[in-house]
Amino acid sequence: MNQPVIEVKKLYYRYPYADRYVLNDINFSVNKGEFLCITGENGAGKTTLSLIISGIIPQAQGGKMRGTVTIAGLDTSEHELAVLSQNIGIVLEDPETQLFTSKVINEVAFGAENLQIPPEEIFSRIRWALKVVRLEGYENQHPMMLSGGQKQRVAIASVLAMRPNILVLDEPTSQLDPIGTIEVFEVIKELKEKYSMTIVMVTHKSEEMAYFADNILVLSHGSVLAYGKPKDILSNREVTTNAWITIPQISELYLKLKERGIDLGEFPILQEEGVALIRDLLEKRLSANA
Amino acid sequence: MPEQLIQINNLTYTYANGFSALKGINININKNEFVAIIGQNGSGKSTLLKNLTGLLKPAIGDVLVDGLNTKEVSIAKLSCKVGFVLQNPDRQLFADTVEEEISFGPKNMKFSLQEIKERVEMALEYTGLKDNRDKFPPSLSAGERAKVVIASVVAMRPEIIILDEPTTGQDYRGCYQIMNIAREFHRAGHTVIVVTHNMALVAEYAYRTIVFCKGEVLLDGTAREVFGQPKILQMSYIIPPQITQIGQALEGELKTKKTFLRVDEIRDFISEIYNA
């Protein structure tokens, strides 16, 4: 079932008062239930693109946009944010820009309340969202009193509680501890599988992308440098070098062994995959020597 | 006998809402150490940093920085000794040009114009920002903005530099450029303290790693000692770098219990066995 829920066609964008376009001729689509990661060097246009997908650009921010962006069949230039937001939720890069209430519970409830969901349902969603982000027991805390990573998790929970069809997250794990990071990726997997949610995430974390992303879109200087499956992207040296993408350490090990004339055969992007290849290689070598 | 630069004695800090962020912390940091502080979200890392810079004062216990008790000296005085690079560079940038931003600290320290100029030049050189000196800081990329903040702290030449998650949101190049600046600063004799969630960077750069968990010190040792204890680290939501986990998974094949910190280390080990 290949049904695009996000379609970006011939997109160009220039910020107000800027003299050049920050995005040039961007084309891609995301199917229902797909998890797309957007990555690329600092300043490549990743955040701008996530604001465009969610309709904040051009609805709430000026500038010059050309091309079309359609989400759930709605052209984002033609529908108000209130309409778009029934289909799409966004978690911003800096959580402090989106937290505004005095209690975690109110923060998480706000979006769902605005969707006019019955109170019992809102409470059950709040409980679920806080459990998912590991913030149970923090209901009555002031969001601004929390640590950076906890704020990031409140922001994620507040959008999760809205259960949007499409979820856009701009570096949602940048301030999270390692296990917290994996947990967020696991939540995304669950949302995708259980609720067929379509998810777009801006991230630099390649080890997690390797495990969880369906596809990766690489931006470089405002253009699409590459698009494809994690394995195709992360094993493409030209792409990873040009866009300053950190590759998983297992992939780095593969490359460094190859320089020494030791070939694992296949380019691994997952830890277990690489470990199995190394095991295999050493076993074969050992039995050959025996 | 190394010179003790920071003494943290029984440091306890409780926020107004009753949250006990630090519970009787004891840490000594010597002159010219490179320390990484890691731990789960909300474990007390940022609260500790704020206590080191005098932005928060201990409820119980004392923090001494180069002999000065943070309860007794002004933040202004402490800031000459401790430079603080905040998590989000945009919270600390305010000037119209990079050069002006960097000169702000030295100007406040009331150095001569000549000295200020020299310090700004040095900081620009250090951080590779020479070509950007006349630029408007917000117009720079995230990596460059982070470097401007570091340059503005470097220009004050504090004895100690503290970086709170300096590589957040940075690409590969940005991460390494920032950490290399910290390494240079350390090599020049300064003391560096970095809070980060990037374990690969901890393994590569830090000489000492302190793990926080729920307001207490869980582990304190070299990166190798710390990452060699994955079960304990889990209590603070930490997992060692992937390369360390690969080494742990291949313990039997490689016939070693060594904790690997860098890709090169394990490559050498594998190629030695392979070519034996």
# chains A, B, ... in the order shown; residues from 1 in each chain; ligands from 1

call {"tool": "closest_atom_pairs", "arguments": {"of": "stretch 89-136 of chain A", "to": "stretch 168-190 of chain A", "cutoff": "10 Å", "atoms": "only C-alpha atoms", "output": "Markdown table"}}
result
| residue | atom | partner | partner_atom | distance |
| --- | --- | --- | --- | --- |
| A:Gly89 | CA | A:Val168 | CA | 6.1 |
| A:Ile90 | CA | A:Val168 | CA | 4.6 |
| A:Val91 | CA | A:Leu169 | CA | 4.7 |
| A:Leu92 | CA | A:Asp170 | CA | 5.4 |
| A:Glu93 | CA | A:Asp170 | CA | 4.9 |
| A:Asp94 | CA | A:Asp170 | CA | 8.6 |
| A:Pro95 | CA | A:Pro172 | CA | 8.6 |
| A:Ala129 | CA | A:Val187 | CA | 9.9 |
| A:Val132 | CA | A:Val187 | CA | 6.8 |
| A:Val133 | CA | A:Val184 | CA | 7.2 |
| A:Arg134 | CA | A:Gly180 | CA | 8.4 |

call {"tool": "write_last_selection", "arguments": {"atoms": "C-alpha atoms", "output": "short mmCIF file (atom, residue, chain, number, x, y, z; two decimals), in the first residue's frame"}}
result
data_model
loop_
_atom_site.label_atom_id
_atom_site.label_comp_id
_atom_site.auth_asym_id
_atom_site.auth_seq_id
_atom_site.Cartn_x
_atom_site.Cartn_y
_atom_site.Cartn_z
CA GLY A 89 2.20 17.65 14.86
CA ILE A 90 5.68 19.11 15.22
CA VAL A 91 8.28 18.90 17.96
CA LEU A 92 10.65 21.83 17.62
CA GLU A 93 14.41 21.71 18.00
CA ASP A 94 14.51 23.86 21.13
CA PRO A 95 11.81 22.55 23.48
CA ALA A 129 2.26 9.88 26.49
CA VAL A 132 6.14 6.62 26.69
CA VAL A 133 8.59 9.45 27.40
CA ARG A 134 9.43 8.15 30.88
#

call {"tool": "closest_atom_pairs", "arguments": {"of": "chain B", "to": "chain A", "cutoff": "7 Å", "atoms": "only C-alpha atoms", "output": "CSV"}}
result
residue,atom,partner,partner_atom,distance
B:Gly39,CA,A:Asp177,CA,6.9
B:Gln40,CA,A:Asp177,CA,5.2
B:Asn41,CA,A:Gly149,CA,5.2
B:Gly42,CA,A:Ser147,CA,5.1
B:Ser141,CA,A:Gly43,CA,5.3
B:Ala142,CA,A:Asn42,CA,6.1
B:Gly143,CA,A:Asn42,CA,6.5
B:Thr168,CA,A:Ser174,CA,5.6
B:Gly169,CA,A:Ser174,CA,5.9
B:Gln170,CA,A:Asn42,CA,6.4
B:Asp171,CA,A:Glu41,CA,5.4
B:Tyr172,CA,A:Thr246,CA,5.2
B:Arg173,CA,A:Trp244,CA,6.0
B:His197,CA,A:Asp177,CA,5.4
B:Tyr237,CA,A:Ile179,CA,4.9
B:Ile238,CA,A:Pro178,CA,5.4
B:Ile239,CA,A:Pro178,CA,6.1
B:Gln242,CA,A:Gln249,CA,6.1
B:Ile243,CA,A:Gln249,CA,5.9
B:Ile246,CA,A:Val275,CA,6.5
B:Glu253,CA,A:Arg279,CA,6.9
B:Val263,CA,A:Leu253,CA,5.8
B:Arg267,CA,A:Leu257,CA,6.0
B:Tyr274,CA,A:Leu282,CA,6.5

call {"tool": "select_by_dssp", "arguments": {"residues": "stretch 113-162 of chain B", "states": "helix (DSSP H, G or I)", "output": "PyMOL selection string"}}
result
chain B and resi 113-127+130-132+137-139+142-154

call {"tool": "residues_around", "arguments": {"residues": "B:Tyr205", "least_positions_apart": "6", "cutoff": "12 Å", "atoms": "only C-alpha atoms", "output": "PyMOL selection string"}}
result
chain B and resi 33-36+175-176+178-184+186-187+192-194+196+198-199+222-224+261-262

call {"tool": "residues_around", "arguments": {"residues": "A:Val104", "least_positions_apart": "3", "cutoff": "12 Å", "atoms": "only C-alpha atoms", "output": "ChimeraX atom specification"}}
result
/A:99-101,107-110,126-127,129-130,135-146,150-158

call {"tool": "closest_residue", "arguments": {"among": "A:Arg125, A:Ile88, A:Leu36, A:Pro118", "to": "A:Pro230", "atoms": "only C-alpha atoms"}}
result
A:Leu36

call {"tool": "residues_around", "arguments": {"residues": "B:Lys258", "least_positions_apart": "2", "cutoff": "12 Å", "atoms": "only C-alpha atoms", "output": "list of chain:residue names"}}
result
B:Arg224, B:Glu225, B:Phe227, B:Gly228, B:Gln229, B:Ile243, B:Thr244, B:Gln245, B:Ile246, B:Gly247, B:Gln248, B:Ala249, B:Leu250, B:Glu251, B:Gly252, B:Leu254, B:Lys255, B:Thr256, B:Phe260, B:Leu261, B:Arg262, B:Glu265, B:Ile266, B:Phe269

call {"tool": "closest_residue", "arguments": {"among": "A:Thr70, A:Gln59, A:Cys37, A:Gly45", "to": "A:Val8", "atoms": "only C-alpha atoms"}}
result
A:Thr70

call {"tool": "residues_around", "arguments": {"residues": "B:Leu56", "least_positions_apart": "4", "cutoff": "8 Å", "atoms": "only C-alpha atoms", "output": "ChimeraX atom specification"}}
result
/B:47,50-51

call {"tool": "residues_around", "arguments": {"residues": "A:Glu266", "least_positions_apart": "2", "cutoff": "10 Å", "atoms": "only C-alpha atoms", "output": "MDAnalysis selection string"}}
result
chainID A and resid 235 251 254 263:264 268:269 273:274 277

call {"tool": "write_last_selection", "arguments": {"atoms": "C-alpha atoms", "output": "PDB file, in the first residue's frame"}}
result
ATOM      1  CA  SER A 235      27.651   2.989   2.761  1.00  0.00           C
ATOM      2  CA  SER A 251      30.748   0.867   9.554  1.00  0.00           C
ATOM      3  CA  TYR A 254      34.604  -2.083   8.333  1.00  0.00           C
ATOM      4  CA  ASP A 263      37.494  -7.499   3.855  1.00  0.00           C
ATOM      5  CA  LEU A 264      34.356  -8.311   5.832  1.00  0.00           C
ATOM      6  CA  PRO A 268      27.564  -3.375   7.936  1.00  0.00           C
ATOM      7  CA  ILE A 269      25.429  -0.629   9.422  1.00  0.00           C
ATOM      8  CA  GLU A 273      25.487  -7.559  11.610  1.00  0.00           C
ATOM      9  CA  GLY A 274      29.105  -6.400  11.843  1.00  0.00           C
ATOM     10  CA  LEU A 277      30.730 -10.760   9.944  1.00  0.00           C
TER      11      LEU A 277
END

call {"tool": "select_by_dssp", "arguments": {"residues": "stretch 39-222 of chain B", "states": "strand (DSSP E or B)", "output": "number ranges by chain"}}
result
B: 39, 60-65, 68-69, 82-85, 160-164, 191-195, 208-213, 216-221

call {"tool": "write_last_selection", "arguments": {"atoms": "N, CA and C atoms", "output": "CSV table (one decimal), in the first residue's frame"}}
result
chain,number,residue,atom,x,y,z
B,39,GLY,N,25.6,11.2,32.4
B,39,GLY,CA,24.5,10.7,33.3
B,39,GLY,C,23.1,11.0,32.7
B,60,ILE,N,23.9,23.0,51.2
B,60,ILE,CA,24.8,22.4,52.3
B,60,ILE,C,26.1,22.1,51.6
B,61,GLY,N,27.2,22.2,52.3
B,61,GLY,CA,28.5,21.9,51.7
B,61,GLY,C,29.1,23.1,51.1
B,62,ASP,N,30.3,22.9,50.5
B,62,ASP,CA,31.0,24.0,49.9
B,62,ASP,C,31.6,23.7,48.5
B,63,VAL,N,31.7,24.7,47.7
B,63,VAL,CA,32.5,24.5,46.4
B,63,VAL,C,33.6,25.5,46.4
B,64,LEU,N,34.8,25.0,46.3
B,64,LEU,CA,36.0,25.9,46.3
B,64,LEU,C,36.6,25.9,44.9
B,65,VAL,N,36.7,27.1,44.3
B,65,VAL,CA,37.4,27.1,43.0
B,65,VAL,C,38.7,27.9,43.1
B,68,LEU,N,38.8,29.8,46.3
B,68,LEU,CA,37.7,30.7,46.6
B,68,LEU,C,36.4,30.0,46.8
B,69,ASN,N,35.8,30.3,47.9
B,69,ASN,CA,34.5,29.6,48.2
B,69,ASN,C,33.4,30.4,47.4
B,82,VAL,N,36.4,30.8,35.9
B,82,VAL,CA,35.6,29.7,35.3
B,82,VAL,C,34.9,30.3,34.1
B,83,GLY,N,35.2,29.8,32.9
B,83,GLY,CA,34.4,30.2,31.7
B,83,GLY,C,33.3,29.2,31.4
B,84,PHE,N,32.1,29.6,31.1
B,84,PHE,CA,31.0,28.7,31.0
B,84,PHE,C,30.4,28.9,29.6
B,85,VAL,N,30.4,27.8,28.9
B,85,VAL,CA,29.8,27.7,27.5
B,85,VAL,C,28.4,27.0,27.7
B,160,ILE,N,39.6,27.6,34.1
B,160,ILE,CA,38.8,26.4,33.9
B,160,ILE,C,37.7,26.8,32.8
B,161,ILE,N,37.5,25.9,31.9
B,161,ILE,CA,36.4,26.1,30.9
B,161,ILE,C,35.4,24.9,31.0
B,162,ILE,N,34.2,25.3,31.2
B,162,ILE,CA,33.1,24.3,31.3
B,162,ILE,C,32.2,24.4,30.1
B,163,LEU,N,32.0,23.2,29.5
B,163,LEU,CA,31.1,23.2,28.3
B,163,LEU,C,29.9,22.3,28.5
B,164,ASP,N,28.7,22.9,28.4
B,164,ASP,CA,27.5,22.1,28.7
B,164,ASP,C,26.9,21.6,27.4
B,191,THR,N,42.1,23.7,32.5
B,191,THR,CA,41.3,22.6,33.0
B,191,THR,C,39.9,22.6,32.2
B,192,VAL,N,39.6,21.4,31.7
B,192,VAL,CA,38.3,21.4,30.9
B,192,VAL,C,37.3,20.4,31.5
B,193,ILE,N,36.1,20.9,31.6
B,193,ILE,CA,35.0,20.0,32.1
B,193,ILE,C,33.9,20.1,31.0
B,194,VAL,N,33.5,18.9,30.5
B,194,VAL,CA,32.5,18.8,29.5
B,194,VAL,C,31.3,17.9,29.9
B,195,VAL,N,30.1,18.4,29.8
B,195,VAL,CA,29.0,17.6,30.0
B,195,VAL,C,28.5,17.2,28.7
B,208,ARG,N,39.2,11.7,32.3
B,208,ARG,CA,38.5,11.2,33.5
B,208,ARG,C,37.0,11.4,33.2
B,209,THR,N,36.2,10.4,33.6
B,209,THR,CA,34.8,10.4,33.4
B,209,THR,C,34.0,10.2,34.7
B,210,ILE,N,33.1,11.2,35.0
B,210,ILE,CA,32.3,11.1,36.2
B,210,ILE,C,30.9,10.8,35.8
B,211,VAL,N,30.3,9.8,36.4
B,211,VAL,CA,28.9,9.4,36.0
B,211,VAL,C,28.0,9.8,37.1
B,212,PHE,N,27.0,10.6,36.8
B,212,PHE,CA,26.0,11.0,37.8
B,212,PHE,C,24.7,10.1,37.6
B,213,CYS,N,24.1,9.9,38.8
B,213,CYS,CA,22.9,9.2,38.8
B,213,CYS,C,22.0,9.7,40.0
B,216,GLU,N,23.7,11.8,42.6
B,216,GLU,CA,24.9,11.2,43.3
B,216,GLU,C,26.0,10.8,42.2
B,217,VAL,N,27.2,10.6,42.7
B,217,VAL,CA,28.2,10.1,41.8
B,217,VAL,C,28.2,8.6,41.8
B,218,LEU,N,27.9,8.1,40.6
B,218,LEU,CA,27.8,6.6,40.4
B,218,LEU,C,29.1,6.0,40.1
B,219,LEU,N,29.9,6.6,39.3
B,219,LEU,CA,31.2,6.1,38.9
B,219,LEU,C,32.2,7.3,38.7
B,220,ASP,N,33.4,7.1,38.9
B,220,ASP,CA,34.4,8.1,38.7
B,220,ASP,C,35.7,7.4,38.4
B,221,GLY,N,36.2,7.6,37.1
B,221,GLY,CA,37.4,6.9,36.7
B,221,GLY,C,37.8,7.3,35.3

call {"tool": "atom_distance", "arguments": {"atom1": "atom CA of B:Glu101", "atom2": "atom CA of A:Tyr17"}}
result
23.6 Å

call {"tool": "atom_distance", "arguments": {"atom1": "atom CA of B:Pro240", "atom2": "atom CA of B:Ile8"}}
result
26.7 Å
